[in-house]
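Participant: First, the structure itself, so that you have it in front of you.
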Amino acid sequence: MRIIVVDNYEEMSKKAALMVASQVTLKPDSVLGLATGDTPLGMYEELVKLYNKQEVDFKEVRTFNLDEYYGLDPENPQSYYSYMTRNLFNKVDISKNNINMPDGMAKDVNASCVLYESKIKTLGGIDMQVLGIGGNGHIGFNEPNVNFEAQTHLVNLDEQTIEANSRFFKSIEEVPVKAISMGIKTIMNSKKIILLANGLNKAEVIEKAVNGKINPSIPASILQLHNDVTIIIDKEAASLL
Ligand code: F6R
């Protein structure tokens, strides 16, 4: 694991955007794995800036998002599809045909998960996966006591996750309790991984994920076994390392 500690959120976002842009420069038809949540918002902003300065383009890029709420229409403003559209897809030249999200409205969930995995494989696998980390150690929506062998699947969200995500909804009752998420195996099959974290509230889990024993109660700890992980964190998130 490479750990890059930066001063603040802005620097974390810029470094991450530069890494993604370099990936796309080296391989214009890169397959990118993307995350949502608060953490990567600044990175998407920086990527849009680089695109506007014509320093990178997304014409040939293919994307797969980590997760989507189960039962939310993609057009729902709280869906991760809407988040991605607002923060990246509508602001760069990515082709709609190259965007892939888990299907939160799938009637046959298993079949749609199998299809998601096979699409990733057909395109040669994920070249670079961007991750955030939950306060409970989740990556994607692979919650504590995870099965490290799982691929894309339907998950029950942890209470802590539902509570954390309720900030985006009018009330906690509106937060979906299930999601479709890439599994740990899907994530671990990515060629490169960058994990971003900022703020004191992530310090404890970063310490456990990086220095702790690899164990299913901290899903992100499995990343210790991946051979190309870069963790970009601000001083606060790094404060217990
Ligand atoms: C988002 C995702 C989650 C988040 C994590 C951190 O697609 O898969 O694992 O990365 O919950 O969320 P924030 O960045 O809001 O703290």
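Numbering starts fresh at 1 for the residues of each chain in the structure tokens, the chains themselves are lettered A, B, ... in the order given, and ligands are numbered from 1 as they appear.
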Let's see if you can do this: from backbone DSSP, list all strand (DSSP E) residues in stretch 56-201 of chain A, as a list in words.

Facilitator: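 Checking each residue of stretch 56-201 of chain A, the strand (DSSP E) ones are Arg62, Thr63, Phe64, Asn65, Asp67, Glu68, Tyr69, Ile99, Asn100, Met128, Gln129, Val130, Leu131, His153, Leu154, Val155, Asn156, Lys178, Ala179, Ile180, Ser181, Lys192, Ile193, Ile194, Leu195, Leu196 and Ala197 of chain A.
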
Participant: List as a tab-separated table (two decimals) with N, CA and C atoms, in the first residue's frame the protein and nucleic acid residues lying within 6 Å of ligand 1, with only C-alpha atoms and all ligand atoms counted.

Facilitator:
```tsv
chain	number	residue	atom	x	y	z
A	35	ALA	N	-16.86	5.87	-7.33
A	35	ALA	CA	-17.56	5.89	-6.04
A	35	ALA	C	-18.41	7.15	-5.95
A	36	THR	N	-19.37	7.12	-5.05
A	36	THR	CA	-20.18	8.31	-4.76
A	36	THR	C	-19.89	8.74	-3.31
A	37	GLY	N	-20.78	9.50	-2.72
A	37	GLY	CA	-20.55	9.97	-1.35
A	37	GLY	C	-19.89	11.34	-1.35
A	38	ASP	N	-19.62	11.85	-0.15
A	38	ASP	CA	-19.01	13.18	-0.04
A	38	ASP	C	-17.55	13.20	-0.46
A	39	THR	N	-16.83	12.13	-0.13
A	39	THR	CA	-15.38	12.15	-0.29
A	39	THR	C	-14.92	12.48	-1.72
A	66	LEU	N	-19.62	1.67	-8.17
A	66	LEU	CA	-19.54	0.66	-7.12
A	66	LEU	C	-20.90	0.16	-6.68
A	67	ASP	N	-21.85	1.10	-6.58
A	67	ASP	CA	-23.11	0.70	-5.95
A	67	ASP	C	-24.27	1.60	-6.35
A	131	LEU	N	-12.19	4.48	-4.48
A	131	LEU	CA	-12.97	4.08	-3.30
A	131	LEU	C	-13.00	5.19	-2.26
A	132	GLY	N	-14.12	5.28	-1.56
A	132	GLY	CA	-14.17	5.99	-0.28
A	132	GLY	C	-14.20	4.90	0.79
A	133	ILE	N	-14.36	5.29	2.02
A	133	ILE	CA	-14.45	4.28	3.09
A	133	ILE	C	-15.50	4.73	4.10
A	134	GLY	N	-16.34	3.81	4.51
A	134	GLY	CA	-17.34	4.14	5.53
A	134	GLY	C	-16.70	4.16	6.91
A	138	HIS	N	-16.58	-0.06	5.65
A	138	HIS	CA	-17.09	-0.61	4.38
A	138	HIS	C	-16.42	0.03	3.18
A	139	ILE	N	-16.30	-0.75	2.11
A	139	ILE	CA	-15.91	-0.22	0.80
A	139	ILE	C	-16.98	-0.69	-0.16
A	140	GLY	N	-17.39	0.18	-1.10
A	140	GLY	CA	-18.66	-0.07	-1.77
A	140	GLY	C	-19.67	-0.16	-0.64
A	141	PHE	N	-20.64	-1.04	-0.77
A	141	PHE	CA	-21.53	-1.26	0.38
A	141	PHE	C	-21.28	-2.65	0.96
```

Participant: Which neighbours of stretch 101-105 of chain A fall inside 6 Å, counting only C-alpha atoms, when residues of the same chain fewer than 2 positions from it are skipped, and could you give them as a ChimeraX atom specification?

Facilitator: /A:64-65,68-71

Participant: Restricting it to all heavy atoms, dump the selection as a PDB file, in the first residue's frame.

Facilitator:
```
ATOM      1  N   PHE A  64     -17.885   2.025 -14.384  1.00  0.00           N
ATOM      2  CA  PHE A  64     -18.753   1.138 -13.595  1.00  0.00           C
ATOM      3  C   PHE A  64     -18.820   1.726 -12.198  1.00  0.00           C
ATOM      4  O   PHE A  64     -17.776   1.892 -11.553  1.00  0.00           O
ATOM      5  CB  PHE A  64     -18.157  -0.277 -13.516  1.00  0.00           C
ATOM      6  CG  PHE A  64     -18.299  -1.043 -14.785  1.00  0.00           C
ATOM      7  CD1 PHE A  64     -17.339  -0.918 -15.786  1.00  0.00           C
ATOM      8  CD2 PHE A  64     -19.386  -1.867 -15.004  1.00  0.00           C
ATOM      9  CE1 PHE A  64     -17.474  -1.619 -16.987  1.00  0.00           C
ATOM     10  CE2 PHE A  64     -19.526  -2.566 -16.196  1.00  0.00           C
ATOM     11  CZ  PHE A  64     -18.566  -2.443 -17.187  1.00  0.00           C
ATOM     12  N   ASN A  65     -20.002   2.034 -11.733  1.00  0.00           N
ATOM     13  CA  ASN A  65     -20.090   2.517 -10.355  1.00  0.00           C
ATOM     14  C   ASN A  65     -20.114   1.363  -9.373  1.00  0.00           C
ATOM     15  O   ASN A  65     -20.553   0.259  -9.670  1.00  0.00           O
ATOM     16  CB  ASN A  65     -21.305   3.428 -10.173  1.00  0.00           C
ATOM     17  CG  ASN A  65     -20.897   4.868 -10.320  1.00  0.00           C
ATOM     18  OD1 ASN A  65     -20.726   5.340 -11.449  1.00  0.00           O
ATOM     19  ND2 ASN A  65     -20.689   5.570  -9.209  1.00  0.00           N
ATOM     20  N   GLU A  68     -25.452   1.118  -6.066  1.00  0.00           N
ATOM     21  CA  GLU A  68     -26.688   1.887  -6.292  1.00  0.00           C
ATOM     22  C   GLU A  68     -27.714   1.406  -5.275  1.00  0.00           C
ATOM     23  O   GLU A  68     -27.742   0.223  -4.917  1.00  0.00           O
ATOM     24  CB  GLU A  68     -27.186   1.661  -7.725  1.00  0.00           C
ATOM     25  CG  GLU A  68     -28.487   2.367  -8.078  1.00  0.00           C
ATOM     26  CD  GLU A  68     -28.450   3.899  -7.935  1.00  0.00           C
ATOM     27  OE1 GLU A  68     -28.506   4.373  -6.777  1.00  0.00           O
ATOM     28  OE2 GLU A  68     -28.385   4.601  -8.954  1.00  0.00           O
ATOM     29  N   TYR A  69     -28.518   2.335  -4.797  1.00  0.00           N
ATOM     30  CA  TYR A  69     -29.592   1.945  -3.876  1.00  0.00           C
ATOM     31  C   TYR A  69     -30.579   1.028  -4.570  1.00  0.00           C
ATOM     32  O   TYR A  69     -30.896   1.220  -5.750  1.00  0.00           O
ATOM     33  CB  TYR A  69     -30.354   3.186  -3.401  1.00  0.00           C
ATOM     34  CG  TYR A  69     -29.605   4.025  -2.411  1.00  0.00           C
ATOM     35  CD1 TYR A  69     -29.328   5.360  -2.689  1.00  0.00           C
ATOM     36  CD2 TYR A  69     -29.197   3.506  -1.188  1.00  0.00           C
ATOM     37  CE1 TYR A  69     -28.659   6.160  -1.771  1.00  0.00           C
ATOM     38  CE2 TYR A  69     -28.532   4.294  -0.270  1.00  0.00           C
ATOM     39  CZ  TYR A  69     -28.268   5.612  -0.565  1.00  0.00           C
ATOM     40  OH  TYR A  69     -27.614   6.393   0.343  1.00  0.00           O
ATOM     41  N   TYR A  70     -31.070   0.051  -3.829  1.00  0.00           N
ATOM     42  CA  TYR A  70     -32.071  -0.872  -4.358  1.00  0.00           C
ATOM     43  C   TYR A  70     -33.457  -0.238  -4.200  1.00  0.00           C
ATOM     44  O   TYR A  70     -33.801   0.212  -3.101  1.00  0.00           O
ATOM     45  CB  TYR A  70     -31.987  -2.202  -3.607  1.00  0.00           C
ATOM     46  CG  TYR A  70     -32.974  -3.232  -4.085  1.00  0.00           C
ATOM     47  CD1 TYR A  70     -32.914  -3.720  -5.381  1.00  0.00           C
ATOM     48  CD2 TYR A  70     -33.965  -3.709  -3.239  1.00  0.00           C
ATOM     49  CE1 TYR A  70     -33.823  -4.659  -5.835  1.00  0.00           C
ATOM     50  CE2 TYR A  70     -34.875  -4.663  -3.689  1.00  0.00           C
ATOM     51  CZ  TYR A  70     -34.794  -5.124  -4.989  1.00  0.00           C
ATOM     52  OH  TYR A  70     -35.694  -6.053  -5.430  1.00  0.00           O
ATOM     53  N   GLY A  71     -34.200  -0.213  -5.306  1.00  0.00           N
ATOM     54  CA  GLY A  71     -35.568   0.303  -5.238  1.00  0.00           C
ATOM     55  C   GLY A  71     -35.669   1.784  -5.562  1.00  0.00           C
ATOM     56  O   GLY A  71     -36.757   2.343  -5.538  1.00  0.00           O
TER      57      GLY A  71
END
```

Participant: Give me the residues near A:Lys178 as a PyMOL selection string, where near means some atom within 6 Å (using only C-alpha atoms) and where sequence neighbours in that chain fewer than 6 positions away do not count.

Facilitator: chain A and resi 70+155-157

Participant: Using 12 Å as the limit and counting only C-alpha atoms, can you tabulate each residue of stretch 89-183 of chain A that touches stretch 9-29 of chain A, with its shortest atom-to-atom distance in Å and the two atoms involved, as CSV?

Facilitator:
```
residue,atom,partner,partner_atom,distance
A:Ile94,CA,A:Asp29,CA,10.7
A:Ser95,CA,A:Asp29,CA,11.5
A:Asn98,CA,A:Asp29,CA,9.9
A:Leu123,CA,A:Asp29,CA,9.7
A:Gly124,CA,A:Asp29,CA,10.8
A:Gly125,CA,A:Asp29,CA,11.8
A:Ile126,CA,A:Asp29,CA,11.0
A:Asp127,CA,A:Gln23,CA,8.2
A:Met128,CA,A:Gln23,CA,7.5
A:Gln129,CA,A:Val20,CA,9.3
A:Val130,CA,A:Val20,CA,8.6
A:Leu131,CA,A:Ala16,CA,10.6
A:Gly132,CA,A:Ala16,CA,11.5
```

Participant: Any chance you can output those residues with C-alpha atoms as an mmCIF file, in the first residue's frame?

Facilitator:
```cif
data_model
loop_
_atom_site.group_PDB
_atom_site.id
_atom_site.type_symbol
_atom_site.label_atom_id
_atom_site.label_comp_id
_atom_site.auth_asym_id
_atom_site.auth_seq_id
_atom_site.Cartn_x
_atom_site.Cartn_y
_atom_site.Cartn_z
ATOM 1 C CA ILE A 94 -18.424 10.655 -21.654
ATOM 2 C CA SER A 95 -20.762 8.668 -23.868
ATOM 3 C CA ASN A 98 -20.177 3.769 -21.728
ATOM 4 C CA LEU A 123 -14.246 -4.931 -21.153
ATOM 5 C CA GLY A 124 -11.054 -6.403 -19.724
ATOM 6 C CA GLY A 125 -11.633 -5.592 -16.044
ATOM 7 C CA ILE A 126 -11.438 -2.351 -14.095
ATOM 8 C CA ASP A 127 -8.203 -0.453 -14.738
ATOM 9 C CA MET A 128 -8.598 1.947 -11.837
ATOM 10 C CA GLN A 129 -11.115 1.777 -8.995
ATOM 11 C CA VAL A 130 -11.788 4.835 -6.845
ATOM 12 C CA LEU A 131 -12.971 4.083 -3.302
ATOM 13 C CA GLY A 132 -14.169 5.991 -0.280
#
```

Participant: Quick one, how far is atom CA of A:Met182 from atom CA of A:Ser166?

Facilitator: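 That distance, rounded to one decimal, is 21.5 Å.
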
Participant: Counting only C-alpha atoms, which residues of stretch 105-199 of chain A fall within 12 Å of stretch 205-217 of chain A, and what is the closest atom pair for each with its distance in Å at one decimal, ordered by chain and rising number, as a tab-separated table?

Facilitator:
```
residue	atom	partner	partner_atom	distance
A:Gly132	CA	A:Ile206	CA	10.7
A:Ile133	CA	A:Val205	CA	8.2
A:Gly134	CA	A:Val205	CA	8.1
A:Gly135	CA	A:Val205	CA	6.1
A:Asn136	CA	A:Val205	CA	6.7
A:Gly137	CA	A:Val205	CA	5.8
A:His138	CA	A:Ser217	CA	8.9
A:Ile139	CA	A:Ala209	CA	10.7
A:Asn142	CA	A:Pro216	CA	9.6
A:Glu143	CA	A:Ser217	CA	8.0
A:Pro144	CA	A:Ser217	CA	4.4
A:Asn145	CA	A:Pro216	CA	4.6
A:Val146	CA	A:Pro216	CA	5.1
A:Asn147	CA	A:Pro216	CA	6.9
A:Phe148	CA	A:Pro216	CA	7.1
A:Glu149	CA	A:Pro216	CA	10.8
A:Ala150	CA	A:Pro216	CA	11.8
A:Ile184	CA	A:Pro216	CA	10.3
A:Leu195	CA	A:Ile206	CA	10.2
A:Leu196	CA	A:Ile206	CA	10.0
A:Ala197	CA	A:Ile206	CA	8.0
A:Asn198	CA	A:Ile206	CA	9.7
A:Gly199	CA	A:Ile206	CA	10.6
```

Participant: Within 7 Å of A:Val5, counting only C-alpha atoms, which residues qualify if same-chain residues fewer than 5 places away don't, as a ChimeraX atom specification?

Facilitator: /A:232-235,238

Participant: For a quick check of understanding, using only C-alpha atoms, which of A:Asn110, A:Thr152, A:Thr161, A:Asn201 has the smallest distance to A:Lys185?

Facilitator: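 Of the candidates, the smallest distance to A:Lys185 is held by A:Thr152.
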
Participant: Using only C-alpha atoms, which protein or nucleic acid residues come within 7 Å of stretch 48-56 of chain A? Drop anything in the same chain fewer than 3 positions from it, and give the result as a list in words.

Facilitator: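 Here the qualifying residues turn out to be Ala21, Thr25, Tyr44, Glu45, Leu88, Lys91 and Val92 of chain A.
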
Participant: Could you turn the residues from that selection into a file that holds all heavy atoms, as a PDB file, in the first residue's frame?

Facilitator:
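Result file result.pdb:
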```pdb
ATOM      1  N   ALA A  21      -6.764  11.250 -14.179  1.00  0.00           N
ATOM      2  CA  ALA A  21      -6.476  11.848 -15.486  1.00  0.00           C
ATOM      3  C   ALA A  21      -5.253  11.178 -16.125  1.00  0.00           C
ATOM      4  O   ALA A  21      -5.237  10.938 -17.336  1.00  0.00           O
ATOM      5  CB  ALA A  21      -6.254  13.354 -15.332  1.00  0.00           C
ATOM      6  N   THR A  25      -5.066   9.366 -19.650  1.00  0.00           N
ATOM      7  CA  THR A  25      -4.102   9.808 -20.658  1.00  0.00           C
ATOM      8  C   THR A  25      -3.322   8.597 -21.186  1.00  0.00           C
ATOM      9  O   THR A  25      -3.119   8.449 -22.387  1.00  0.00           O
ATOM     10  CB  THR A  25      -3.127  10.838 -20.048  1.00  0.00           C
ATOM     11  OG1 THR A  25      -3.912  11.897 -19.506  1.00  0.00           O
ATOM     12  CG2 THR A  25      -2.168  11.388 -21.076  1.00  0.00           C
ATOM     13  N   TYR A  44     -14.183  14.885  -8.413  1.00  0.00           N
ATOM     14  CA  TYR A  44     -14.958  15.061  -9.638  1.00  0.00           C
ATOM     15  C   TYR A  44     -14.879  16.517 -10.109  1.00  0.00           C
ATOM     16  O   TYR A  44     -14.730  16.788 -11.304  1.00  0.00           O
ATOM     17  CB  TYR A  44     -16.422  14.623  -9.435  1.00  0.00           C
ATOM     18  CG  TYR A  44     -16.565  13.125  -9.231  1.00  0.00           C
ATOM     19  CD1 TYR A  44     -17.327  12.597  -8.190  1.00  0.00           C
ATOM     20  CD2 TYR A  44     -15.912  12.230 -10.078  1.00  0.00           C
ATOM     21  CE1 TYR A  44     -17.439  11.221  -7.998  1.00  0.00           C
ATOM     22  CE2 TYR A  44     -16.015  10.856  -9.891  1.00  0.00           C
ATOM     23  CZ  TYR A  44     -16.778  10.360  -8.849  1.00  0.00           C
ATOM     24  OH  TYR A  44     -16.869   9.002  -8.667  1.00  0.00           O
ATOM     25  N   GLU A  45     -14.937  17.448  -9.166  1.00  0.00           N
ATOM     26  CA  GLU A  45     -14.822  18.871  -9.533  1.00  0.00           C
ATOM     27  C   GLU A  45     -13.493  19.137 -10.239  1.00  0.00           C
ATOM     28  O   GLU A  45     -13.445  19.837 -11.251  1.00  0.00           O
ATOM     29  CB  GLU A  45     -14.845  19.711  -8.248  1.00  0.00           C
ATOM     30  CG  GLU A  45     -15.990  20.691  -8.184  1.00  0.00           C
ATOM     31  CD  GLU A  45     -16.009  21.377  -6.828  1.00  0.00           C
ATOM     32  OE1 GLU A  45     -15.073  22.135  -6.543  1.00  0.00           O
ATOM     33  OE2 GLU A  45     -16.953  21.103  -6.052  1.00  0.00           O
ATOM     34  N   LEU A  88     -20.466  14.532 -12.554  1.00  0.00           N
ATOM     35  CA  LEU A  88     -19.452  14.221 -13.574  1.00  0.00           C
ATOM     36  C   LEU A  88     -20.039  14.023 -14.977  1.00  0.00           C
ATOM     37  O   LEU A  88     -19.659  14.746 -15.901  1.00  0.00           O
ATOM     38  CB  LEU A  88     -18.654  12.964 -13.167  1.00  0.00           C
ATOM     39  CG  LEU A  88     -17.497  12.621 -14.108  1.00  0.00           C
ATOM     40  CD1 LEU A  88     -16.364  13.641 -13.995  1.00  0.00           C
ATOM     41  CD2 LEU A  88     -16.948  11.220 -13.878  1.00  0.00           C
ATOM     42  N   LYS A  91     -21.048  16.793 -17.193  1.00  0.00           N
ATOM     43  CA  LYS A  91     -20.091  17.896 -17.307  1.00  0.00           C
ATOM     44  C   LYS A  91     -18.884  17.553 -18.174  1.00  0.00           C
ATOM     45  O   LYS A  91     -18.016  18.395 -18.371  1.00  0.00           O
ATOM     46  CB  LYS A  91     -19.613  18.308 -15.904  1.00  0.00           C
ATOM     47  CG  LYS A  91     -20.757  18.828 -15.048  1.00  0.00           C
ATOM     48  CD  LYS A  91     -20.270  19.272 -13.699  1.00  0.00           C
ATOM     49  CE  LYS A  91     -21.381  20.003 -12.956  1.00  0.00           C
ATOM     50  NZ  LYS A  91     -21.017  20.270 -11.572  1.00  0.00           N
ATOM     51  N   VAL A  92     -18.810  16.305 -18.623  1.00  0.00           N
ATOM     52  CA  VAL A  92     -17.691  15.902 -19.472  1.00  0.00           C
ATOM     53  C   VAL A  92     -18.254  15.167 -20.700  1.00  0.00           C
ATOM     54  O   VAL A  92     -19.467  14.997 -20.812  1.00  0.00           O
ATOM     55  CB  VAL A  92     -16.679  15.004 -18.699  1.00  0.00           C
ATOM     56  CG1 VAL A  92     -16.054  15.762 -17.541  1.00  0.00           C
ATOM     57  CG2 VAL A  92     -17.344  13.711 -18.220  1.00  0.00           C
TER      58      VAL A  92
END
```

Participant: Rank nothing, just name the residue among A:Asn87, A:Leu41, A:Ile194, A:Leu200 nearest to A:Thr230, using only C-alpha atoms.

Facilitator: A:Ile194
